[in-house]
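Have a look at my_file-v4.cif; it's mmCIF, C-alpha atoms and all ligand atoms:
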```
data_data
loop_
_atom_site.label_atom_id
_atom_site.label_comp_id
_atom_site.auth_asym_id
_atom_site.auth_seq_id
_atom_site.Cartn_x
_atom_site.Cartn_y
_atom_site.Cartn_z
CA MET A 1 44.96 -94.14 -29.42
CA THR A 2 46.67 -94.90 -32.74
CA ASN A 3 49.89 -96.81 -33.53
CA GLY A 4 50.56 -97.17 -29.82
CA MET A 5 50.62 -93.37 -29.48
CA HIS A 6 48.74 -91.90 -26.59
CA ARG A 7 48.02 -88.30 -25.70
CA MET A 8 46.72 -87.91 -22.20
CA ASN A 9 44.48 -85.00 -23.04
CA GLU A 10 42.51 -87.12 -25.50
CA SER A 11 40.98 -89.07 -22.64
CA THR A 12 38.30 -88.16 -20.16
CA ARG A 13 37.56 -90.68 -17.51
CA GLU A 14 34.46 -91.67 -15.64
CA LEU A 15 35.30 -92.32 -12.02
CA GLY A 16 34.31 -95.91 -11.42
CA SER A 17 30.57 -96.22 -11.74
CA SER A 18 29.93 -92.75 -10.29
CA ALA A 19 28.60 -89.81 -12.26
CA LEU A 20 31.88 -87.96 -11.79
CA HIS A 21 34.10 -87.28 -14.77
CA LEU A 22 37.75 -86.57 -14.14
CA GLY A 23 40.63 -85.35 -16.23
CA PRO A 24 43.72 -87.55 -16.09
CA LEU A 25 45.55 -85.17 -13.75
CA GLY A 26 44.53 -83.79 -10.40
CA LEU A 27 46.35 -81.34 -8.13
CA GLY A 28 47.28 -82.95 -4.84
CA CYS A 29 47.01 -80.16 -2.27
CA TRP A 30 48.96 -81.76 0.58
CA PRO A 31 52.23 -79.86 -0.01
CA LEU A 32 50.21 -76.62 -0.01
CA ALA A 33 49.38 -77.09 3.65
CA GLY A 34 52.92 -75.98 4.48
CA MET A 35 53.68 -79.07 6.55
CA THR A 36 55.87 -81.10 4.17
CA ARG A 37 58.61 -78.52 3.92
CA GLU A 38 59.34 -74.89 4.65
CA GLY A 39 58.68 -72.08 2.23
CA VAL A 40 55.12 -72.84 1.15
CA ASP A 41 53.22 -69.86 2.49
CA ARG A 42 49.57 -68.95 2.05
CA GLU A 43 50.08 -66.84 -1.10
CA THR A 44 52.17 -69.56 -2.75
CA ALA A 45 49.47 -72.09 -1.95
CA VAL A 46 46.69 -69.95 -3.42
CA THR A 47 48.60 -69.07 -6.59
CA THR A 48 49.56 -72.72 -7.09
CA VAL A 49 45.90 -73.78 -7.02
CA GLU A 50 45.03 -70.88 -9.34
CA ALA A 51 47.72 -72.05 -11.76
CA ALA A 52 46.15 -75.52 -11.81
CA LEU A 53 42.67 -74.15 -12.50
CA GLU A 54 44.04 -71.97 -15.30
CA ALA A 55 45.80 -74.99 -16.80
CA GLY A 56 42.54 -76.93 -16.87
CA ILE A 57 43.36 -79.16 -13.92
CA LEU A 58 39.97 -79.14 -12.28
CA HIS A 59 40.33 -82.01 -9.81
CA LEU A 60 41.64 -80.77 -6.45
CA ASP A 61 42.54 -83.35 -3.84
CA THR A 62 42.65 -82.30 -0.21
CA ALA A 63 41.92 -83.61 3.29
CA TYR A 64 40.77 -82.47 6.70
CA CYS A 65 44.31 -83.01 8.00
CA TYR A 66 46.17 -81.15 5.23
CA GLY A 67 47.33 -78.45 7.60
CA GLU A 68 46.68 -78.32 11.32
CA GLN A 69 44.01 -75.69 10.69
CA GLY A 70 42.89 -76.87 7.25
CA GLU A 71 45.34 -74.61 5.41
CA SER A 72 45.01 -76.65 2.21
CA GLU A 73 41.21 -76.41 2.22
CA THR A 74 41.16 -72.66 2.87
CA ALA A 75 43.75 -72.10 0.11
CA ILE A 76 41.48 -73.95 -2.32
CA ALA A 77 38.53 -71.79 -1.29
CA ALA A 78 40.58 -68.61 -1.73
CA ALA A 79 41.91 -69.68 -5.14
CA MET A 80 38.46 -70.58 -6.42
CA HIS A 81 37.07 -67.30 -5.18
CA ARG A 82 39.91 -65.28 -6.71
CA SER A 83 39.75 -67.09 -10.06
CA GLY A 84 35.98 -66.73 -10.23
CA ILE A 85 35.62 -70.29 -11.50
CA SER A 86 32.21 -71.87 -11.19
CA ARG A 87 31.95 -74.40 -8.36
CA ASN A 88 30.32 -76.88 -10.73
CA ARG A 89 33.38 -77.08 -12.95
CA VAL A 90 35.67 -78.24 -10.15
CA VAL A 91 35.87 -81.69 -8.57
CA ILE A 92 36.79 -81.21 -4.94
CA ALA A 93 37.91 -84.42 -3.29
CA GLY A 94 38.25 -84.37 0.51
CA LYS A 95 39.16 -86.93 3.13
CA CYS A 96 38.16 -87.52 6.71
CA GLY A 97 39.45 -89.80 9.44
CA ILE A 98 42.89 -88.35 10.23
CA HIS A 99 43.65 -85.30 12.36
CA TRP A 100 46.55 -83.76 14.23
CA GLU A 101 46.93 -83.51 17.98
CA ARG A 102 49.38 -81.78 20.25
CA ASP A 103 49.90 -82.47 23.93
CA ALA A 104 48.17 -80.35 26.56
CA SER A 105 50.87 -77.65 26.40
CA GLY A 106 50.07 -77.13 22.72
CA SER A 107 53.73 -77.22 21.82
CA PRO A 108 55.25 -79.32 19.05
CA PRO A 109 55.66 -82.08 18.04
CA ARG A 110 52.20 -82.72 16.66
CA ARG A 111 50.92 -86.28 16.38
CA GLN A 112 48.89 -87.73 13.51
CA CYS A 113 45.78 -89.54 14.79
CA VAL A 114 43.52 -91.91 12.87
CA ASP A 115 39.95 -91.69 14.14
CA GLY A 116 37.19 -93.42 12.19
CA ARG A 117 34.33 -93.04 14.65
CA PRO A 118 31.18 -91.92 12.83
CA GLU A 119 30.67 -88.77 14.91
CA ARG A 120 34.27 -87.71 14.35
CA LEU A 121 34.04 -88.31 10.59
CA ARG A 122 30.85 -86.25 10.40
CA SER A 123 32.26 -83.33 12.32
CA GLU A 124 35.41 -83.31 10.18
CA VAL A 125 33.34 -83.22 6.99
CA GLU A 126 31.23 -80.36 8.31
CA GLU A 127 34.37 -78.42 9.22
CA SER A 128 35.92 -79.17 5.81
CA LEU A 129 32.83 -77.83 4.03
CA ARG A 130 33.06 -74.60 6.06
CA ARG A 131 36.75 -74.21 5.26
CA LEU A 132 36.13 -74.91 1.58
CA ALA A 133 33.18 -72.49 1.54
CA THR A 134 30.99 -75.02 -0.23
CA ASP A 135 27.91 -77.05 0.60
CA ARG A 136 29.17 -80.35 -0.80
CA LEU A 137 32.23 -82.31 -1.71
CA ASP A 138 32.34 -84.16 -5.01
CA LEU A 139 34.31 -87.06 -3.63
CA LEU A 140 34.82 -87.96 0.03
CA TYR A 141 37.39 -90.56 1.04
CA LEU A 142 37.90 -92.34 4.30
CA HIS A 143 41.56 -91.33 4.65
CA ALA A 144 42.60 -94.62 6.28
CA PRO A 145 40.84 -97.39 8.19
CA ASP A 146 40.92 -96.99 11.97
CA PRO A 147 41.99 -100.28 13.57
CA GLN A 148 39.99 -99.33 16.70
CA VAL A 149 36.69 -98.86 14.85
CA PRO A 150 34.84 -101.54 12.84
CA LEU A 151 35.20 -100.53 9.20
CA ALA A 152 31.46 -101.06 8.66
CA GLU A 153 30.78 -98.18 11.09
CA SER A 154 33.07 -95.76 9.26
CA ALA A 155 31.78 -96.86 5.85
CA GLY A 156 28.17 -96.57 7.04
CA GLU A 157 28.74 -92.94 8.06
CA LEU A 158 30.25 -92.07 4.68
CA ARG A 159 27.23 -93.69 3.02
CA ARG A 160 24.91 -91.54 5.15
CA LEU A 161 26.90 -88.40 4.32
CA ARG A 162 26.53 -89.24 0.64
CA ASP A 163 22.80 -89.91 1.04
CA GLU A 164 22.43 -86.48 2.69
CA GLY A 165 24.16 -84.82 -0.27
CA LYS A 166 27.29 -83.77 1.60
CA THR A 167 29.28 -85.56 -1.08
CA ARG A 168 28.43 -86.83 -4.54
CA ALA A 169 30.57 -89.95 -4.30
CA VAL A 170 32.62 -91.90 -1.77
CA GLY A 171 36.11 -93.34 -1.88
CA VAL A 172 38.53 -95.04 0.44
CA SER A 173 42.28 -94.71 0.82
CA ASN A 174 45.25 -96.63 2.25
CA VAL A 175 43.48 -99.96 2.43
CA LYS A 176 44.42 -103.60 2.18
CA LEU A 177 42.29 -105.77 -0.08
CA HIS A 178 40.12 -107.22 2.70
CA GLU A 179 39.42 -103.69 3.96
CA LEU A 180 38.48 -102.54 0.49
CA GLU A 181 36.03 -105.41 0.17
CA ALA A 182 34.59 -104.78 3.63
CA PHE A 183 34.15 -101.07 2.91
CA ALA A 184 32.51 -101.69 -0.46
CA SER A 185 29.99 -104.07 1.09
CA GLU A 186 28.71 -101.22 3.31
CA CYS A 187 28.93 -98.21 1.00
CA PRO A 188 28.83 -97.74 -2.78
CA LEU A 189 32.39 -96.99 -3.76
CA ALA A 190 33.56 -94.80 -6.64
CA ALA A 191 37.28 -94.53 -5.95
CA CYS A 192 40.21 -96.01 -4.15
CA GLN A 193 43.20 -93.72 -3.58
CA MET A 194 46.54 -95.48 -3.25
CA PRO A 195 50.26 -94.82 -3.72
CA PHE A 196 51.35 -95.75 -7.24
CA ASN A 197 54.30 -94.76 -9.36
CA MET A 198 56.91 -96.33 -11.63
CA LEU A 199 58.78 -97.84 -8.70
CA GLN A 200 55.99 -98.48 -6.22
CA ARG A 201 53.48 -100.75 -7.85
CA ASP A 202 52.24 -102.99 -5.02
CA ILE A 203 48.62 -102.27 -5.89
CA GLU A 204 48.99 -104.15 -9.17
CA ARG A 205 48.96 -107.39 -7.14
CA ASP A 206 45.45 -107.15 -5.76
CA ILE A 207 43.89 -103.68 -5.30
CA LEU A 208 44.07 -102.62 -8.94
CA PRO A 209 42.61 -105.85 -10.38
CA TRP A 210 39.83 -105.83 -7.77
CA CYS A 211 38.95 -102.21 -8.55
CA ARG A 212 38.94 -102.86 -12.28
CA SER A 213 36.57 -105.78 -11.94
CA HIS A 214 34.26 -103.92 -9.51
CA GLY A 215 34.03 -100.62 -11.40
CA VAL A 216 36.02 -98.63 -8.81
CA GLY A 217 38.42 -95.98 -10.15
CA VAL A 218 41.93 -96.02 -8.75
CA VAL A 219 43.33 -92.59 -8.01
CA ALA A 220 47.13 -92.68 -7.83
CA TYR A 221 49.02 -90.60 -5.31
CA TRP A 222 52.79 -90.07 -5.08
CA PRO A 223 53.23 -90.33 -8.86
CA LEU A 224 56.45 -88.29 -8.60
CA MET A 225 57.68 -90.22 -5.55
CA LYS A 226 57.46 -87.04 -3.50
CA GLY A 227 59.41 -85.12 -6.11
CA LEU A 228 62.18 -87.64 -6.84
CA LEU A 229 60.75 -88.61 -10.22
CA ALA A 230 60.34 -84.96 -11.25
CA GLY A 231 63.97 -85.15 -12.34
CA ARG A 232 65.26 -82.05 -10.57
CA MET A 233 67.11 -83.55 -7.62
CA GLY A 234 70.89 -83.86 -7.69
CA ARG A 235 73.33 -86.35 -6.17
CA SER A 236 74.06 -83.99 -3.32
CA THR A 237 70.46 -83.00 -2.58
CA THR A 238 69.78 -83.26 1.16
CA PHE A 239 66.64 -82.56 3.11
CA PRO A 240 66.58 -80.53 6.34
CA SER A 241 64.70 -81.91 9.34
CA SER A 242 61.85 -79.50 8.50
CA ASP A 243 61.36 -81.43 5.21
CA SER A 244 59.41 -84.65 5.79
CA ARG A 245 61.46 -86.42 3.12
CA HIS A 246 64.54 -86.65 5.32
CA LYS A 247 63.07 -89.66 7.13
CA TYR A 248 62.10 -91.74 4.07
CA PRO A 249 64.50 -94.49 2.94
CA LEU A 250 63.79 -93.40 -0.67
CA PHE A 251 65.77 -90.23 -0.09
CA ASN A 252 68.66 -91.68 1.86
CA GLY A 253 71.94 -93.46 1.19
CA ASP A 254 72.28 -96.05 -1.58
CA GLU A 255 68.53 -96.18 -2.12
CA PHE A 256 68.49 -92.49 -3.01
CA GLN A 257 71.46 -92.84 -5.36
CA ARG A 258 69.85 -95.78 -7.17
CA ASN A 259 66.62 -93.82 -7.53
CA LEU A 260 68.60 -90.98 -9.09
CA ASP A 261 70.27 -93.50 -11.45
CA PHE A 262 66.78 -94.55 -12.46
CA VAL A 263 65.82 -90.96 -13.23
CA GLU A 264 68.91 -90.69 -15.46
CA LYS A 265 67.56 -93.60 -17.51
CA LEU A 266 64.31 -91.69 -18.06
CA ARG A 267 66.10 -88.58 -19.28
CA PRO A 268 66.87 -89.79 -22.84
CA VAL A 269 63.27 -91.00 -23.18
CA ALA A 270 62.01 -87.55 -22.23
CA ARG A 271 64.55 -85.79 -24.45
CA ARG A 272 63.56 -87.79 -27.55
CA LEU A 273 59.90 -86.91 -26.96
CA GLY A 274 60.67 -83.25 -26.28
CA CYS A 275 59.12 -83.50 -22.80
CA GLU A 276 60.34 -83.02 -19.24
CA VAL A 277 61.03 -86.11 -17.12
CA ALA A 278 58.09 -85.24 -14.84
CA ASP A 279 55.76 -85.23 -17.84
CA VAL A 280 56.89 -88.64 -19.06
CA VAL A 281 56.43 -90.00 -15.55
CA LEU A 282 52.92 -88.54 -15.21
CA ALA A 283 51.86 -89.59 -18.71
CA TRP A 284 53.04 -93.17 -18.11
CA THR A 285 51.31 -93.34 -14.72
CA ALA A 286 48.04 -92.02 -16.12
CA GLU A 287 47.92 -94.57 -18.91
CA GLN A 288 48.27 -97.65 -16.70
CA PRO A 289 45.14 -99.79 -16.89
CA GLY A 290 42.65 -99.08 -14.12
CA ILE A 291 44.19 -95.73 -13.14
CA ALA A 292 41.36 -93.21 -13.21
CA ALA A 293 43.37 -90.14 -12.25
CA VAL A 294 46.86 -89.17 -11.14
CA LEU A 295 47.37 -86.65 -8.34
CA PHE A 296 50.59 -84.70 -8.41
CA GLY A 297 51.64 -82.36 -5.64
CA ALA A 298 53.32 -79.03 -6.36
CA THR A 299 54.83 -76.24 -4.34
CA SER A 300 54.75 -73.49 -6.95
CA PRO A 301 52.83 -72.34 -10.04
CA GLU A 302 55.95 -73.17 -12.10
CA GLN A 303 55.77 -76.82 -11.08
CA VAL A 304 52.08 -76.88 -11.99
CA HIS A 305 52.85 -75.48 -15.44
CA GLU A 306 55.59 -78.04 -15.99
CA ASN A 307 53.43 -80.95 -14.82
CA ALA A 308 50.33 -79.84 -16.69
CA ALA A 309 52.35 -80.20 -19.90
CA ALA A 310 52.13 -83.97 -19.30
CA MET A 311 48.67 -83.72 -20.87
CA ASP A 312 50.42 -82.98 -24.17
CA CYS A 313 53.20 -85.52 -23.73
CA THR A 314 52.76 -88.29 -26.28
CA LEU A 315 54.19 -91.65 -25.30
CA ASP A 316 54.96 -94.05 -28.12
CA ASP A 317 55.99 -97.69 -28.06
CA GLU A 318 59.69 -96.86 -28.06
CA ALA A 319 59.22 -94.64 -25.03
CA ARG A 320 57.25 -97.34 -23.25
CA ARG A 321 59.97 -99.89 -24.00
CA GLY A 322 62.62 -97.55 -22.58
CA ILE A 323 60.55 -96.98 -19.46
CA THR A 324 59.87 -100.70 -18.98
CA GLU A 325 63.59 -101.47 -19.26
CA ALA A 326 64.46 -98.75 -16.77
CA ILE A 327 61.87 -100.03 -14.30
CA ALA A 328 63.14 -103.61 -14.67
CA TRP A 329 66.71 -102.38 -14.10
CA ARG A 330 65.76 -100.54 -10.90
CA GLY A 331 63.30 -102.97 -9.33
CA PRO A 332 60.82 -101.81 -6.69
CA ALA A 333 61.78 -98.95 -4.38
CA ALA A 334 61.31 -99.03 -0.61
CA ALA A 335 57.66 -99.20 0.36
CA ARG A 336 55.89 -96.39 2.12
CA VAL A 337 55.20 -96.34 5.83
CA ARG A 338 51.59 -97.10 6.60
CA HIS A 339 49.55 -94.68 8.72
N1 LIG B 1 45.60 -90.67 0.60
C1 LIG B 1 46.75 -90.45 1.17
O1 LIG B 1 47.05 -90.93 2.28
C2 LIG B 1 47.75 -89.58 0.46
C3 LIG B 1 49.10 -89.63 0.84
C4 LIG B 1 50.00 -88.83 0.14
C5 LIG B 1 49.55 -88.00 -0.88
N2 LIG B 1 48.21 -87.96 -1.20
C6 LIG B 1 47.71 -87.05 -2.25
O2 LIG B 1 48.45 -87.22 -3.43
C7 LIG B 1 49.07 -85.99 -3.79
C8 LIG B 1 50.41 -86.26 -4.46
O3 LIG B 1 51.34 -86.76 -3.52
P1 LIG B 1 52.55 -85.88 -2.99
O4 LIG B 1 52.20 -84.46 -3.19
O5 LIG B 1 52.86 -86.33 -1.61
O6 LIG B 1 53.78 -86.38 -3.89
P2 LIG B 1 54.19 -86.26 -5.43
O7 LIG B 1 53.10 -85.77 -6.29
O8 LIG B 1 54.82 -87.57 -5.76
O9 LIG B 1 55.36 -85.16 -5.33
C9 LIG B 1 55.02 -83.83 -5.14
C10 LIG B 1 56.28 -83.00 -4.86
O10 LIG B 1 57.21 -83.12 -5.92
C11 LIG B 1 57.85 -81.86 -6.15
N3 LIG B 1 57.53 -81.50 -7.53
C12 LIG B 1 56.33 -81.56 -8.16
N4 LIG B 1 56.41 -81.17 -9.43
C13 LIG B 1 57.70 -80.85 -9.65
C14 LIG B 1 58.42 -80.38 -10.76
N5 LIG B 1 57.83 -80.15 -11.92
N6 LIG B 1 59.76 -80.16 -10.62
C15 LIG B 1 60.38 -80.39 -9.45
N7 LIG B 1 59.76 -80.83 -8.34
C16 LIG B 1 58.43 -81.06 -8.44
C17 LIG B 1 57.28 -80.89 -5.14
O11 LIG B 1 58.08 -80.92 -3.94
P3 LIG B 1 59.28 -79.88 -3.63
O12 LIG B 1 59.05 -78.64 -4.41
O13 LIG B 1 59.20 -79.71 -2.14
O14 LIG B 1 60.54 -80.64 -4.03
C18 LIG B 1 55.95 -81.52 -4.80
O15 LIG B 1 55.47 -81.18 -3.52
C19 LIG B 1 49.15 -85.23 -2.46
O16 LIG B 1 49.37 -83.86 -2.66
C20 LIG B 1 47.83 -85.59 -1.85
O17 LIG B 1 46.78 -84.83 -2.42
C21 LIG B 1 47.33 -88.74 -0.56
#
```

Take the structure in this file and express it as structure tokens.
Ligand SMILES: NC(=O)c1ccc[n+]([C@@H]2O[C@H](COP(=O)([O-])OP(=O)(O)OC[C@H]3O[C@@H](n4cnc5c(N)ncnc54)[C@H](OP(=O)(O)O)[C@@H]3O)[C@@H](O)[C@H]2O)c1
Amino acid sequence: MTNGMHRMNESTRELGSSALHLGPLGLGCWPLAGMTREGVDRETAVTTVEAALEAGILHLDTAYCYGEQGESETAIAAAMHRSGISRNRVVIAGKCGIHWERDASGSPPRRQCVDGRPERLRSEVEESLRRLATDRLDLLYLHAPDPQVPLAESAGELRRLRDEGKTRAVGVSNVKLHELEAFASECPLAACQMPFNMLQRDIERDILPWCRSHGVGVVAYWPLMKGLLAGRMGRSTTFPSSDSRHKYPLFNGDEFQRNLDFVEKLRPVARRLGCEVADVVLAWTAEQPGIAAVLFGATSPEQVHENAAAMDCTLDDEARRGITEAIAWRGPAAARVRH
């Protein structure tokens, strides 16, 4: 860093105190499961992962529940196979502890279930490894604490899975501070994955400072606020019921319009730098203290190309001032719904 200028691609980051090294950007593979909106088929999913690998984004974030049948995990396996990339070059991060259930008839709607029992976590990891066609994960998160299961039991099972070599490092996601502390007392922790973006910064209160002082890397999800901060939505954008965004306050009514006003304030910042809005947003998110990596989702190779350019987007002090003013003008956006 010189004169307040920062290029994302100059930095490589060690994930907490683990031996894992991550680039600043990771591909979040949740939208590739085809469950967040229509139109993301298998071939789109595979080519989107391939585009990330080609762009040098070698951190792939997935989960047992990304797809009712692990569609995200199998797309990753197919893309890695097709690209011929060496397994050792890629950081595959998986999650266990959430699955989908349907009623006895098997008909929709499906229901998301949190289950942190050790035997369930183990069987999910084994299934994930089969779907991913690999013998180990690089990073394994508990997707969310299960209120019905003592956290020590879930954490203990992830520690055992790590000791057996099924993962190189362990993380936890969607936690409150006391849960983070409880988890870390049972299992060495490399990462904590939480929502974080320009307008949703709750973790700065407690989680981020705790992780910084305990050598745990924070991996940010939702950096683009589920696409809103990518700068491509218009005033009249609406979401069909098949698009999960229709139910979030962020995308409805006055809240949505104010979020779009916020994006308009980022546009001149991006223009002056010669970058896209999405790239400014990702570059800013990645440079926040304590953020080890930023996971963006994408539904096409084109989005991956656009977002990967964030690695060459140079923020300077004027850009940071413009962003800080825009954030202060907007104030925090509606919080997410907890699992
Ligand atoms: N631990 C957890 O509980 C948890 C929860 C959520 C997410 N995550 C992880 O974090 C990752 C990121 O979160 P996310 O995918 O939900 O949200 P996100 O990264 O904030 O937004 C991703 C969405 O934005 C749109 N988008 C991306 N790039 C774009 C571009 N250049 N131009 C226009 N639109 C663009 C795409 O949606 P459209 O094309 O449909 O508009 C894409 O699916 C996930 O994929 C997942 O790996 C973890």

One decimal place gives the CA of Leu229 (chain A)-CA of Leu20 (chain A) separation as 28.9 Å

Compile a residue-level contact table for region 233-277 of chain A against region 31-35 of chain A at a cut-off of 9 Å, reporting for every qualifying residue the shortest atom pair and its distance in Å to one decimal, with only C-alpha atoms counted, rows ordered by chain and ascending number, as JSON lines.
```
{"residue": "A:Ser242", "atom": "CA", "partner": "A:Met35", "partner_atom": "CA", "distance": 8.4}
{"residue": "A:Asp243", "atom": "CA", "partner": "A:Met35", "partner_atom": "CA", "distance": 8.1}
{"residue": "A:Ser244", "atom": "CA", "partner": "A:Met35", "partner_atom": "CA", "distance": 8.0}
```

Wanna dump the region 120-230 of chain A-region 306-328 of chain A contacts at 12 Å for me, each residue with its shortest atom pair and the distance in Å to one decimal, counting only C-alpha atoms, ordered by chain and number, as a tab-separated table?
```
residue	atom	partner	partner_atom	distance
A:Asn197	CA	A:Ile327	CA	10.5
A:Met198	CA	A:Ile327	CA	6.7
A:Leu199	CA	A:Ile327	CA	6.8
A:Gln200	CA	A:Ile327	CA	10.1
A:Arg201	CA	A:Ile327	CA	10.6
A:Pro223	CA	A:Asn307	CA	11.1
A:Leu224	CA	A:Asn307	CA	10.1
A:Gly227	CA	A:Asn307	CA	11.4
A:Leu229	CA	A:Asn307	CA	11.6
A:Ala230	CA	A:Asn307	CA	8.8
```

* To do: Just the residues within 12 Å of Thr74 (chain A), please, counting only C-alpha atoms, with nothing from its chain fewer than 2 positions along; format it as a VMD selection string.
  => chain A and resid 29 32 to 33 42 to 43 45 to 46 49 62 to 72 76 to 81 127 to 134

Requested in this report: Enter the distance from CA of Tyr141 (chain A) to CA of Ala75 (chain A), in Å, rounded to one decimal.
Outcome: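 About the pair CA of Tyr141 (chain A) and CA of Ala75 (chain A): they are 19.5 Å apart.
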
Return the padded bounding box of region 282-298 of chain A as AutoDock Vina command-line options: axis-aligned, built from all atoms listed in the file, 5 Å added on each side, with centre and edge lengths in Å to one decimal.
```
--center_x 47.3 --center_y -89.4 --center_z -12.3 --size_x 22.0 --size_y 30.8 --size_z 23.3
```

task = Return as JSON, numbers by chain every polymer residue, whether protein, DNA or RNA, with at least one atom no more than 8 Å from an atom of ligand LIG 1 (chain B); count all atoms listed in the file.
result = {"A": [27, 28, 29, 30, 31, 32, 36, 37, 60, 61, 62, 63, 95, 143, 144, 173, 174, 193, 194, 195, 220, 221, 222, 223, 224, 225, 226, 227, 228, 229, 230, 231, 232, 233, 243, 278, 295, 296, 297, 298, 299, 300, 302, 303, 304, 305, 306, 307, 339]}

Test item: which residues lie within 10 Å of (69.9, -90.3, -1.4) counting only C-alpha atoms, as a JSON list (two decimals) with C-alpha atoms, in the frame of the given file:
```json
[["chain", "number", "residue", "atom", "x", "y", "z"],
["A", 228, "LEU", "CA", 62.18, -87.64, -6.84],
["A", 233, "MET", "CA", 67.11, -83.55, -7.62],
["A", 234, "GLY", "CA", 70.89, -83.86, -7.69],
["A", 235, "ARG", "CA", 73.33, -86.35, -6.17],
["A", 236, "SER", "CA", 74.06, -83.99, -3.32],
["A", 237, "THR", "CA", 70.46, -83.00, -2.58],
["A", 238, "THR", "CA", 69.78, -83.26, 1.16],
["A", 239, "PHE", "CA", 66.64, -82.56, 3.11],
["A", 246, "HIS", "CA", 64.54, -86.65, 5.32],
["A", 248, "TYR", "CA", 62.10, -91.74, 4.07],
["A", 249, "PRO", "CA", 64.50, -94.49, 2.94],
["A", 250, "LEU", "CA", 63.79, -93.40, -0.67],
["A", 251, "PHE", "CA", 65.77, -90.23, -0.09],
["A", 252, "ASN", "CA", 68.66, -91.68, 1.86],
["A", 253, "GLY", "CA", 71.94, -93.46, 1.19],
["A", 254, "ASP", "CA", 72.28, -96.05, -1.58],
["A", 255, "GLU", "CA", 68.53, -96.18, -2.12],
["A", 256, "PHE", "CA", 68.49, -92.49, -3.01],
["A", 257, "GLN", "CA", 71.46, -92.84, -5.36],
["A", 258, "ARG", "CA", 69.85, -95.78, -7.17],
["A", 259, "ASN", "CA", 66.62, -93.82, -7.53],
["A", 260, "LEU", "CA", 68.60, -90.98, -9.09]]
```

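In this comparison, which uses only C-alpha atoms, the residue of A:Arg82, A:Arg110, A:Arg160, A:His214 approaching Gly16 (chain A) most closely is A:His214.
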
Shortest contact to Ile291 (chain A), candidates A:Leu137, A:Cys96, A:Ala182, A:Leu25, atoms counted only C-alpha atoms, goes to A:Leu25

Checklist line | Closest of A:Gln112, A:Ala152, A:Val277, A:Pro301 to Thr47 (chain A) - atom-to-atom distances counting all atoms listed in the file | finding: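 Residue with the minimum atom-to-atom distance to Thr47 (chain A): A:Pro301.
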
| message | Considering all atoms listed in the file, can you say which of A:Val40, A:Leu161, A:Leu121, A:Ala292 comes closest to Phe196 (chain A)? | response |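 Using all atoms listed in the file, Phe196 (chain A) sits closest to A:Ala292.
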
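If you look at CA of Asp163 (chain A) and CA of Asp135 (chain A), they are 13.8 Å away from each other.
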
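Near Arg212 (chain A), within 12 Å and counting only C-alpha atoms, sit Leu15, Gly16, Ser17, Ala190, Ala191, Cys192, Ile203, Glu204, Asp206, Ile207, Gly217, Val218, Val219, Gln288, Pro289, Gly290, Ile291 and Ala292 of chain A, not including residues fewer than 5 positions from it in the same chain.
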